[in-house]
Structure formats: structure tokens, C-alpha cells
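A short write-up of the structure that comes next.
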Amino acid sequence: MPFIRSVLAIVATLIALGLPALAQDGFTPAMADTWAATATRAEGVLADKLASTPALENLRADLATQRAEAEAVEGEAAKKVEALQAQLDALGPAPEDGTPEAPELASRRAELEDQILQARVPLAVAQEAYQRLDGLITEINLLIRDRFSRQLVERGPVPVNPALWGPALGDVSNYATRLWAEVQSTLDNPASREALAQKAPLALFLGLLGLVALFWLRARFTRLVGKVLKAGEAASSWQLALLNLSKLVGPGLGAAALIFAVYSADILGLRGMALLNALPWAAFALVAAPWLGRSVFGSPGHPVDLIGVSAPKAGYKISLVLGIIFALSVLIDAMATQGDFSIETRAVLFFPLIVVASVALFKLARITRAKPAVPEDEPEPAAHSFAALLAQLVFITSVSAPVLAALGYYAAGRYLTFPTITTIGFLSALLVLFDLFRAFLERWVEGQGETGSRKDQARLIPIFVAFLMILAALPVLALIWGASRSELQSIWEWLNAGVSIGQSRFSITDLLVFVLVFGVGYTITRLVQKTVRTSVLPRTRIDAGGKNALLAGIGYVGIFLAALAAISATGLDLSSLAIVAGALSVGIGFGLQNIVSNFVSGIILLIERPIKEGDWIEAGGVEGTVRKISVRATLIDTFDRCAVIVPNSDLIAASVKNWTAPDITGRLKVNVGVAYGTDPEKVKAILTEIGTAHPQALLYPAPSVVFINFGASSLDFQLRIYLRDVNKSLGVRSDINFAIAKRFEEEGIEIPFNQNDVNLRNVGEIGEALRAALKPEGKG
């Protein structure tokens with residue numbers, strides 16, 4: 001069964017893709033003989049083209065193993081040749097024109113050249129063997145792919161033909177008869193009965209344990225976990241996820257115990273063992289399918305719907321049906337392989353499974369495509385959109401698979417049906433695991449008490465994890481749909497070969513190493529920042545601006561060191577990037593000059609700290625409080641409730657008035673005028689009393705009053721007060737003005753209006769003109 005073999009190969013393929021081949025202790029001629037013999041045998045098989053597909057897959061596995069050995073020998077030999085060549089280069093070039101060389105150098109040169117010559121032998125043999133074996137693997141892949149393609153389009157027996165039903169049932173009956181005969185033969189054998197008597201207690205114990213786990217432990221364990229978590233209507237998402245996960249324990253343990261009980265009894269023959277070997281996968285499907293249905297579509301005890309279907313209860317039932325169909329297909333495939341059933345029998349046996357599975361898939365696509373109502377102000381979740389797209393493909397499969405199988409295209413119908421079921425199960429498992437991770441992450445964030453921007457940053461972690469899960473799922477999906485491990489290995493080697501950067505090569509492995517090392521360094525930097533912020537800085541007397549500057553400096557240094565460590569871990573030679581660096585310097589000199597200037601200015605601001613976060617400053621016509629100083633610009637909150645972004649270079653190159661440096665004390669000046677004729681000493685005494693009485697006024701220096709000017713309409717005074725907190729100067733000015741107005745009114749002191757004297761010239765002429773204008777016409 002192709003898709004079962006693909007599923008069985010998933011774990012081995014992931015290991016093959018993630019781990020390099022183990023290097024051999026040394027090259028021996030026997031290894032070369034083995035490589036050559038295997039290659040010769042493969043060439044003969046390919047020439048005949050008579051081997052079955054399973055035999056070709058086994059041969060391909062042998063070739064892949066020996067190709068890995070050749071690659072390991074090639075790598076070791078190349079390193080050895082490189083090391084010897086480096087030693088030879090250290091001796092310098094050989095003398096020319098017959099110039100004599102020191103005997104010690106000549107002897108050492110000859111010795112190294114001989115060692116290099118000997119080291120090149122396994123290198124050349126391994127390279128030739130690798131190319132030969134790799135080419136044979138490619139030919140086998142093409143042959144298997146060609147057979148598979150022809151099998152899909154080849155019309156075979158029609159399973160709806162009643163003439164095929166009798167022979168198919170006869171094959172199944174014959175298989176069951178022979179299976180029972182094998183069991184009967186084992187029981188009739190005295191030696192086997194004696195061995196069974198010895199193994200019976202263990203088998204019975206395991207069988208009883210399996211039944212208890214299936215029918216008693218599952219409910220009790222779930223109830224126990226629910227009590228511990230206090231799950232219920234008020235249960236949080238992570239509690240529901242953990243409670244749902246606990247429901248796998250009982251069925252999983254029970255199925256495993258029952259299977260081990262049958263294994264330990266050892267009463268089955270070849271046909272029974274074929275079914276028993278397939279039984280773990282069938283049991284896995286029967287256990288996982290209802291759990292996945294409950295986790296994805298929800299249930300009365302687990303009110304969660306991850307993909308937003310219109311009928312969650314129907315979705316759970318459909319998943320249960322698909323699990324049963326998958327389990328039956330595994331068992332039938334094992335029986336057909338062991339019993340060597342004909343293609344007609346296989347088509348008849350699998351056709352009902354294809355029809356039932358197609359009906360279930362059709363219903364699943366229908367309830368997934370019919371989306372429940374989503375509020376207009378809420379965006380549709382990504383999982384819902386992806387499920388809708390997948391539902392379209394499932395709908396096409398559910399319609400075409402039974403039609404193709406009924407028309408005689410049994411292989412095509414089977415290929416569309418069962419990999420689709422496996423894909424749905426695999427993607428559902430990924431979705432459930434991702435939801436479980438997200439629930440525990442939310443629990444952890446709430447436990448840490450993170451708020452604001454840090455909580456928003458934590459929400460980005462699931463997106464990164466989802467991206468990694470998608471990348472990891474791609475090779476598994478390729479295996480499910482018929483790709484071979486050797487094909488995936490070739491793709492991985494192509495990605496791992498990388499691209500050349502100078503004298504170095506940068507591959508996908510280097511990229512993963514770079515991301516991993518940088519991620520670890522970044523995480524350590526954030527942990528150090530958090531430790532300093534929560535444990536160290538509260539015990540110091542550093543002001544808030546200094547604390548922010550220190551934390552920002554730790555962040556910049558940590559990120560720089562993380563990037564440097566990541567580059568070093570990849571082995572990238574930065575010296576080879578001198579030309580690129582030169583080109584960048586030209587770009588910096590022209591296009592990036594302002595950016596670099598602002599960056600350097602930001603570093604200066606963080607180190608020298610002429611201004612800091614929380615300061616009240618005036619710069620370039622902007623007045624407000626500094627909210628944040630970054631490496632490029634400074635964010636200022638004005639008193640009009642707007643944010644102004646000021647480039648750092650403007651704060652370094654221009655004048656900046658900082659009201660709160662070096663401390664928050666400052667002077668307030670309040671101007672006031674009184675009418676002429678008022679006693680100045682009395683005004684001075686009143687203003688001094690008002691200034692001293694304010695709670696924000698400092699006693700030293702004490703408030704003072706200055707008689708600053710004889711104005712056009714008033715005697716001008718100025719009250720000068722040193723405040724404890726200059727940030728409150730506007731409120732203090734208002735309080736002082738109210739107090740002055742009240743006291744002046746009580747003391748009868750007038751605050752004059754502006755007075756202007758108007759002098760008129762030529763009054764007589766103006767009077768004659770007015771009389772002439774007002775005199776009635778016609779009167780003398």
C-alpha cells in the first residue's frame with residue numbers, strides 16, 4: 001500500500017534529512033568492492049526492468065545507504081587532502097633551475113607529496129562511487145515514478161461487476177481459513193502448547209490491563225485531570241487543551257496493551273502476523289481519529305471549534321468514520337499483500353471503502369465550506385480560510401475518486417482517497433498541536449505578568465512557530481503523496497550545497513544555524529534585560545531615563561554580539577566581502593548619510609545623555625516631553641497631545657532647551673502691573689507673601705520680587721519663584737495669578753488698562769469745518 005509505506009517512512013526520512021551521514025573510521029578496498037557490487041546488481045535490475053516495485057524500493061534503500069557511506073568517505077578524504085596540502089604549502093614552492101634545497105625540507109616535501117597521492121586514492125574512488133550510486137538512484141526513481149504514473153491511468157477491473165465478487169470473497173475466506181489453520185496447528189503442537197502455557201499469564205495480564213485502560217481508565221483519568229485543573233464553564237483555553245490531551249492516555253495505553261498481549265501469546269502464523277504487524281497503525285487510526293475530531297470540531301465536553309464548521313457534531317462523526325475506513329484499509333492491504341491477492345480482488349475489497357470514505361469526505365467538505373457567521377468587525381481566522389480552501393480540494397476528490405474506481409481506475413481512486421484522509425489527519429494533528437502550544441503560551445504570558453508592547457511581541461511567537469511547522473510539514477506531505485525518501489534527500493542535498501559568497505558557501509544548514517544561534521543570543525539578551533530591569537535597577541538610584549538608556553544599550557550590544565556569533569557559527573568569511581563593504585561605504589557616503597548621522601547621534605544621546613526619556617525640552621520649535629530615544633530619531637509628546645518625531649542629528653547639532661536637566665527644579669517668572677500711585681513696597685510684600693505660601697515654592701532660594709520697569713500705564717513687577725518640580729509650572733502660574741487677583745482686590749490695588757493720551761491740533765479750523773458741515777443748505 002503506497003501511502004502506508006510513505007507514512008512508515010516519515011520518521012526515518014526526517015532523521016535522514018536532519019542528520020549528516022556518519023563518517024567512517026577509514027577507507028578499505030572492501031568498501032569499494034561492496035559499492036561496485038551493489039551498483040553492478042542495480043544496473044542489471046534496471047536493464048531487465050522485471051523487478052517489482054517493492055524490490056526496487058529495497059534496492060534503492062541499499063544504494064542510498066552506500067551512497068551515504070561514499071559521501072562520508074569523500075568528506076573525510078577531502079579534509080585529509082586539504083590538511084596535507086596546507087602543510088605542503090607551508091614549506092613554500094619547490095626550488096627551480098636545479099637550485100639545491102635543504103635535505104630536511106626535501107625529505108619532508110617528498111613525504112607530504114606521497115601522503116597526498118595516497119590520500120587522493122580513496123577520495124577519487126569515493127567520488128566515482130558516489131556519482132555512480134547517485135545516478136542509479138535517480139534511474140530507479142524515474143522507473144518507479146513511470147510505473148506509478150502508468151498505473152494511475154491504466155484501466156483495470158471494474159469492481160461493480162458482480163462476476164468479481166465471488167472470487168474476491170473466496171480469496172478472503174481462503175485467507176481466514178488458512179489463518180485459523182495456522183492457529184490450530186500451533187495449538188495442536190505440544191511444544192507450542194507448553195510455551196503458550198508459560199506465556200499465558202503475561203498475555204492475560206496485558207489483555208486485562210488493555211480492557212481496563214479502554215473502558216475504565218479513560219473516564220477516570222480524564223475526570224481526575226478535570227478535577228485537578230478545575231475545568232468547567234470557567235476553564236481557560238490551556239486547561240481545556242490539557243484536558244483534551246489527557247483523553248488520549250486511556251485509549252492509547254489500552255490499545256498498546258492488547259496488541260502486546262497478542263504478541264506475547266505467540267500463537268499466530270505468517271498470515272496472522274501480517275495482520276498483527278498492521279494492527280498498530282489500525283489501532284492508532286481508531287484512537288487518533290475521534291480525538292482529532294473532538295479537538296478540531298469540538299464536543300460537549302470540549303467546546304472548541306478550530307476551523308469554524310457549520311455542524312461541529314457532524315464533523316466529529318465524520319472523523320470517526322474516516323478513522324475506521326483508514327484502519328480497515330491498513331488491515332486489508334496487509335492481508336492482500338500476504339495473501340498475494342489478485343488485482344480484481346483488491347479492487348473489489350477497496351471499492352466499498354473508497355465509496356464510504358468519499359461520502360464522508362463530501363459531507364466534511366460541505367460543512368467546512370458552509371461558514372458560520374463572523375462579526376463584521378472581526379477578521380476571519382487564518383485557519384478558517386485555509387480550511388475552506390482545503391474543503392474545495394476535498395470536494396473534488398470525494399466526487400472523482402468513486403467515479404474513477406467504479407470505471408476501473410482502481411489505482412487512481414485509491415490514490416486520491418487514502419492520501420487525502422492521511423493528509424487531513426496530519427494537518428488536523430498539526431492544528432491541534434499548534435492550538436495546544438498557543439494555549440500554554442498564553443498561560444505563560446499571563447503568569448509572567450507581561451503587558452503592553454511585550455505582550456504584543458509574545459503574540460508574534462505563534463506566527464513564527466506556525467511557519468516552522470509548515471516547513472516541517474512539507475516533506476511529510478510529499479511522502480504521503482508518493483515522494484520517495486531518496487528524492488527528498490536529493491532536494492535536501494541541493495539545498496545544503498548552498499551558494500558561494502566569496503571563498504565561502506552559504507547553505508540552508510548555515511541559514512538554520514544562523515537563525516538558531518541568533519535566536520538564542522536574542523533570547524539571552526532579552527532575559528538579561530529583564531533580569532536587570534526587575535532585579536538590579538530597582539536597587540539603584542538611577543533615574544528613569546538612565547535606566548532606559550542602560551537597558552537600550554544592553555539590547556544593542558546583545559543583538560550585535562548575537563549577530564556576530566551567528567555569522568561566526570556559519571563559518572562565513574567576512575573578509576571576502578571587502579568589495580561589497582566598499583560599495584556600501586559609497587552608498588553611505590551619498591544616499592545613507594542622514595541615516596548614519598542620525599544613528600551616530602542616537603548613540604551619543606544614549607551615552608552622553610544630554611536629554612533622557614521623561615525630560616521636558618524645547619528643540620526646533622517643538623516643546624514637549626521625551627517619550628523614547630531610538631537609534632534614528634527621538635519621539636516627543638507635545639502638550640497638545642500629539643507626537644513629534646525629531647531626527648537625532650537635530651538634537652545634537654542645534655540648541656536644545658532642557659527644562660528638567662540636571663534636575664526637575666526650575667524658576668517661574670510671573671509678570672504683573674499696578675496703577676501709578678500704588679505703594680511699591682506694599683506690592684512687593686503682597687507678591688512675596690503669595691509666592692512663599694505656594695507649596696511648590698522652594699524656601700531656598702526664596703521667592704523674590706523685582707521692580708522691573710515704569711510702564712506706559714503701570715508700574716511693572718516680576719515675581720520669581722523656584723519650584724520643586726518645574727513640570728508643574730503651568731499649574732503654579734495659574735494658582736499665583738488667581739491669588740494675585742484676589743489679594744489686589746482685597747487691598748484695593750488697581751491693575752490698570754492701557755491708557756493713551758490724544759492731542760488735537762488746529763482746534764479752531766476743526767470747529768469751523770464741523771459747523772459748516774452741520775449748517776442746513778439755503779440758510780445764511
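Lettering and numbering for the C-alpha cells are positional, with chains as A, B, ... in the shown order, residues counted from 1 in each chain, and ligands counted from 1 in the shown order.
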
Per-residue nearest contacts segment 665-725 of chain A to segment 736-756 of chain A, cut-off 10 Å, using only C-alpha atoms, as a Markdown table:
| residue | atom | partner | partner_atom | distance |
| --- | --- | --- | --- | --- |
| A:Val670 | CA | A:Ile736 | CA | 7.9 |
| A:Asn671 | CA | A:Asn737 | CA | 9.4 |
| A:Val672 | CA | A:Ile751 | CA | 8.2 |
| A:Gly673 | CA | A:Ile751 | CA | 6.1 |
| A:Val674 | CA | A:Ile751 | CA | 4.6 |
| A:Ala675 | CA | A:Pro752 | CA | 5.2 |
| A:Tyr676 | CA | A:Pro752 | CA | 8.5 |
| A:Gly677 | CA | A:Ile749 | CA | 9.7 |
| A:Thr678 | CA | A:Ile749 | CA | 6.9 |
| A:Asp679 | CA | A:Ile749 | CA | 9.1 |
| A:Lys682 | CA | A:Glu747 | CA | 9.5 |
| A:Val683 | CA | A:Ile749 | CA | 8.4 |
| A:Ile686 | CA | A:Arg743 | CA | 7.6 |
| A:Leu687 | CA | A:Ile740 | CA | 7.2 |
| A:Ile690 | CA | A:Ala739 | CA | 6.8 |
| A:Gly691 | CA | A:Ile736 | CA | 7.1 |
| A:Ala693 | CA | A:Ile736 | CA | 9.8 |
| A:His694 | CA | A:Ile736 | CA | 7.9 |
| A:Gly711 | CA | A:Asn754 | CA | 9.7 |
| A:Ala712 | CA | A:Gln755 | CA | 7.5 |
| A:Ser713 | CA | A:Asn754 | CA | 5.4 |
| A:Ser714 | CA | A:Pro752 | CA | 6.4 |
| A:Leu715 | CA | A:Ile751 | CA | 9.4 |
| A:Leu719 | CA | A:Ile736 | CA | 9.4 |

Those residues with N, CA, C and O atoms, as an mmCIF file, in the first residue's frame please?
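Final file, part.cif:
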data_model
loop_
_atom_site.group_PDB
_atom_site.id
_atom_site.type_symbol
_atom_site.label_atom_id
_atom_site.label_comp_id
_atom_site.auth_asym_id
_atom_site.auth_seq_id
_atom_site.Cartn_x
_atom_site.Cartn_y
_atom_site.Cartn_z
ATOM 1 N N VAL A 670 6.534 85.439 37.011
ATOM 2 C CA VAL A 670 5.156 85.907 36.814
ATOM 3 C C VAL A 670 5.182 87.440 36.770
ATOM 4 O O VAL A 670 5.597 88.081 37.743
ATOM 5 N N ASN A 671 4.770 88.023 35.652
ATOM 6 C CA ASN A 671 4.749 89.478 35.478
ATOM 7 C C ASN A 671 3.383 90.034 35.881
ATOM 8 O O ASN A 671 2.332 89.446 35.582
ATOM 9 N N VAL A 672 3.408 91.229 36.558
ATOM 10 C CA VAL A 672 2.177 91.877 36.971
ATOM 11 C C VAL A 672 2.401 93.393 36.984
ATOM 12 O O VAL A 672 3.505 93.854 37.307
ATOM 13 N N GLY A 673 1.388 94.164 36.619
ATOM 14 C CA GLY A 673 1.471 95.638 36.629
ATOM 15 C C GLY A 673 0.404 96.250 37.519
ATOM 16 O O GLY A 673 -0.713 95.725 37.592
ATOM 17 N N VAL A 674 0.734 97.358 38.200
ATOM 18 C CA VAL A 674 -0.217 98.074 39.070
ATOM 19 C C VAL A 674 -0.281 99.526 38.621
ATOM 20 O O VAL A 674 0.613 100.025 37.920
ATOM 21 N N ALA A 675 -1.339 100.168 39.029
ATOM 22 C CA ALA A 675 -1.570 101.553 38.593
ATOM 23 C C ALA A 675 -0.560 102.491 39.252
ATOM 24 O O ALA A 675 -0.051 102.222 40.360
ATOM 25 N N TYR A 676 -0.289 103.579 38.561
ATOM 26 C CA TYR A 676 0.559 104.618 39.143
ATOM 27 C C TYR A 676 -0.104 105.166 40.403
ATOM 28 O O TYR A 676 -1.315 105.339 40.472
ATOM 29 N N GLY A 677 0.701 105.455 41.408
ATOM 30 C CA GLY A 677 0.205 105.929 42.681
ATOM 31 C C GLY A 677 0.118 104.842 43.726
ATOM 32 O O GLY A 677 -0.132 105.113 44.900
ATOM 33 N N THR A 678 0.320 103.579 43.337
ATOM 34 C CA THR A 678 0.297 102.460 44.287
ATOM 35 C C THR A 678 1.630 102.380 45.001
ATOM 36 O O THR A 678 2.697 102.629 44.406
ATOM 37 N N ASP A 679 1.597 102.016 46.294
ATOM 38 C CA ASP A 679 2.818 101.887 47.091
ATOM 39 C C ASP A 679 3.622 100.673 46.610
ATOM 40 O O ASP A 679 3.165 99.519 46.753
ATOM 41 N N LYS A 682 4.326 97.963 49.287
ATOM 42 C CA LYS A 682 3.165 97.136 49.604
ATOM 43 C C LYS A 682 2.967 96.042 48.567
ATOM 44 O O LYS A 682 2.673 94.883 48.903
ATOM 45 N N VAL A 683 3.145 96.424 47.301
ATOM 46 C CA VAL A 683 3.019 95.411 46.231
ATOM 47 C C VAL A 683 4.074 94.335 46.405
ATOM 48 O O VAL A 683 3.800 93.134 46.259
ATOM 49 N N ILE A 686 3.099 91.942 49.222
ATOM 50 C CA ILE A 686 1.991 91.034 48.866
ATOM 51 C C ILE A 686 2.484 89.920 47.943
ATOM 52 O O ILE A 686 2.166 88.738 48.128
ATOM 53 N N LEU A 687 3.247 90.278 46.915
ATOM 54 C CA LEU A 687 3.730 89.266 45.973
ATOM 55 C C LEU A 687 4.658 88.272 46.658
ATOM 56 O O LEU A 687 4.618 87.061 46.377
ATOM 57 N N ILE A 690 2.532 85.855 48.635
ATOM 58 C CA ILE A 690 1.838 84.888 47.766
ATOM 59 C C ILE A 690 2.813 83.812 47.268
ATOM 60 O O ILE A 690 2.513 82.614 47.267
ATOM 61 N N GLY A 691 4.003 84.234 46.823
ATOM 62 C CA GLY A 691 4.976 83.259 46.313
ATOM 63 C C GLY A 691 5.447 82.300 47.380
ATOM 64 O O GLY A 691 5.600 81.094 47.131
ATOM 65 N N ALA A 693 3.870 81.334 50.035
ATOM 66 C CA ALA A 693 2.796 80.475 50.542
ATOM 67 C C ALA A 693 2.506 79.284 49.640
ATOM 68 O O ALA A 693 1.869 78.323 50.073
ATOM 69 N N HIS A 694 2.947 79.327 48.384
ATOM 70 C CA HIS A 694 2.615 78.210 47.478
ATOM 71 C C HIS A 694 3.419 76.957 47.856
ATOM 72 O O HIS A 694 4.618 77.039 48.116
ATOM 73 N N GLY A 711 6.127 101.390 33.304
ATOM 74 C CA GLY A 711 5.451 101.194 32.047
ATOM 75 C C GLY A 711 4.659 102.396 31.619
ATOM 76 O O GLY A 711 4.527 103.386 32.343
ATOM 77 N N ALA A 712 4.088 102.323 30.437
ATOM 78 C CA ALA A 712 3.295 103.436 29.910
ATOM 79 C C ALA A 712 2.032 103.643 30.721
ATOM 80 O O ALA A 712 1.571 104.770 30.898
ATOM 81 N N SER A 713 1.482 102.535 31.253
ATOM 82 C CA SER A 713 0.228 102.637 32.002
ATOM 83 C C SER A 713 0.337 102.067 33.391
ATOM 84 O O SER A 713 -0.624 102.134 34.158
ATOM 85 N N SER A 714 1.497 101.426 33.728
ATOM 86 C CA SER A 714 1.561 100.733 35.011
ATOM 87 C C SER A 714 2.987 100.690 35.512
ATOM 88 O O SER A 714 3.948 100.937 34.773
ATOM 89 N N LEU A 715 3.060 100.339 36.826
ATOM 90 C CA LEU A 715 4.351 100.009 37.424
ATOM 91 C C LEU A 715 4.523 98.501 37.294
ATOM 92 O O LEU A 715 3.684 97.725 37.776
ATOM 93 N N LEU A 719 7.451 88.534 39.804
ATOM 94 C CA LEU A 719 7.598 87.593 40.912
ATOM 95 C C LEU A 719 8.385 86.375 40.410
ATOM 96 O O LEU A 719 7.962 85.715 39.442
#

Using only C-alpha atoms, which protein or nucleic acid residues come within 8 Å of Leu605 of chain A? Drop anything in the same chain fewer than 4 positions from it, and give the result as a PyMOL selection string. chain A and resi 601+609-612+629+648+652

Write the residues of the selection above to a file with C-alpha atoms, as a PDB file, in the first residue's frame.
ATOM      1  CA  SER A 601      23.658  60.964  17.088  1.00  0.00           C
ATOM      2  CA  ARG A 609      22.533  61.675  27.968  1.00  0.00           C
ATOM      3  CA  PRO A 610      22.124  65.438  27.434  1.00  0.00           C
ATOM      4  CA  ILE A 611      18.439  64.587  27.275  1.00  0.00           C
ATOM      5  CA  LYS A 612      16.694  61.488  28.549  1.00  0.00           C
ATOM      6  CA  ILE A 629      15.087  57.830  22.192  1.00  0.00           C
ATOM      7  CA  ASN A 648      18.635  62.731  16.456  1.00  0.00           C
ATOM      8  CA  ILE A 652      22.950  67.133  18.579  1.00  0.00           C
TER       9      ILE A 652
END

Counting only C-alpha atoms, what is within 8 Å of segment 97-113 of chain A, bar same-chain residues fewer than 3 positions away, as a ChimeraX atom specification? /A:84-85,87-88,91,116-117

Selection to disk with N, CA, C and O atoms, as an mmCIF file, in the first residue's frame:
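Saved the output as selection09.cif:
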data_model
loop_
_atom_site.group_PDB
_atom_site.id
_atom_site.type_symbol
_atom_site.label_atom_id
_atom_site.label_comp_id
_atom_site.auth_asym_id
_atom_site.auth_seq_id
_atom_site.Cartn_x
_atom_site.Cartn_y
_atom_site.Cartn_z
ATOM 1 N N LEU A 84 46.889 18.067 4.367
ATOM 2 C CA LEU A 84 48.229 17.762 3.869
ATOM 3 C C LEU A 84 48.709 18.822 2.884
ATOM 4 O O LEU A 84 49.891 19.210 2.894
ATOM 5 N N GLN A 85 47.782 19.318 2.063
ATOM 6 C CA GLN A 85 48.156 20.346 1.094
ATOM 7 C C GLN A 85 48.547 21.642 1.807
ATOM 8 O O GLN A 85 49.478 22.347 1.369
ATOM 9 N N GLN A 87 49.986 21.779 4.729
ATOM 10 C CA GLN A 87 51.341 21.557 5.245
ATOM 11 C C GLN A 87 52.374 21.694 4.126
ATOM 12 O O GLN A 87 53.454 22.277 4.328
ATOM 13 N N LEU A 88 52.029 21.190 2.953
ATOM 14 C CA LEU A 88 52.970 21.307 1.829
ATOM 15 C C LEU A 88 53.122 22.763 1.403
ATOM 16 O O LEU A 88 54.253 23.205 1.087
ATOM 17 N N LEU A 91 55.673 24.772 3.363
ATOM 18 C CA LEU A 91 57.094 24.610 3.034
ATOM 19 C C LEU A 91 57.541 25.558 1.934
ATOM 20 O O LEU A 91 58.740 25.712 1.697
ATOM 21 N N ILE A 116 49.829 12.851 0.102
ATOM 22 C CA ILE A 116 48.734 13.445 -0.664
ATOM 23 C C ILE A 116 48.302 12.505 -1.784
ATOM 24 O O ILE A 116 47.096 12.316 -2.037
ATOM 25 N N LEU A 117 49.272 11.890 -2.437
ATOM 26 C CA LEU A 117 48.950 10.954 -3.515
ATOM 27 C C LEU A 117 48.151 9.772 -2.992
ATOM 28 O O LEU A 117 47.174 9.331 -3.619
#

Looking at only C-alpha atoms, which of A:Ala562, A:Leu441, A:Val476, A:Ala412 is the one that sits closest to Arg150 of chain A? A:Ala412

Segment 119-124 of chain A surroundings by only C-alpha atoms, 7 Å radius, close-in-sequence under 5 positions cut, as an mmCIF file with C-alpha atoms, in the first residue's frame:
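Here's the written file selection.cif:
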data_model
loop_
_atom_site.group_PDB
_atom_site.id
_atom_site.type_symbol
_atom_site.label_atom_id
_atom_site.label_comp_id
_atom_site.auth_asym_id
_atom_site.auth_seq_id
_atom_site.Cartn_x
_atom_site.Cartn_y
_atom_site.Cartn_z
ATOM 1 C CA PHE A 27 38.554 3.604 3.732
ATOM 2 C CA GLU A 74 34.721 11.554 0.370
ATOM 3 C CA ALA A 77 39.385 12.170 2.445
ATOM 4 C CA ALA A 78 38.893 15.726 1.209
ATOM 5 C CA LYS A 80 42.784 14.966 4.885
ATOM 6 C CA VAL A 81 43.991 16.084 1.450
#

Expressed in Å to a single decimal, how great is the separation between atom CA of Arg193 of chain A and atom CA of Gly269 of chain A? 14.3 Å

Env of Asn174 of chain A: 10 Å cut, atoms = only C-alpha atoms, seq-sep filter 6 positions within chain, self excluded. Answer as a VMD selection string. chain A and resid 168 180 339

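Each of A:Ser149, A:Ser535, A:Ser630, A:Thr422 was checked against Asn548 of chain A using only C-alpha atoms; the smallest atom-to-atom distance is that of A:Ser630.
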
I need the alpha helix (DSSP H) residues of segment 265-441 of chain A per DSSP on the backbone, written as a PyMOL selection string. chain A and resi 265+270-297+312-339+343-369+382-406+410-441

Within 9 Å of Ala213 of chain A using only C-alpha atoms, minus same-chain residues under 3 positions, as a ChimeraX atom specification: /A:208-210,216-218,249-255,257
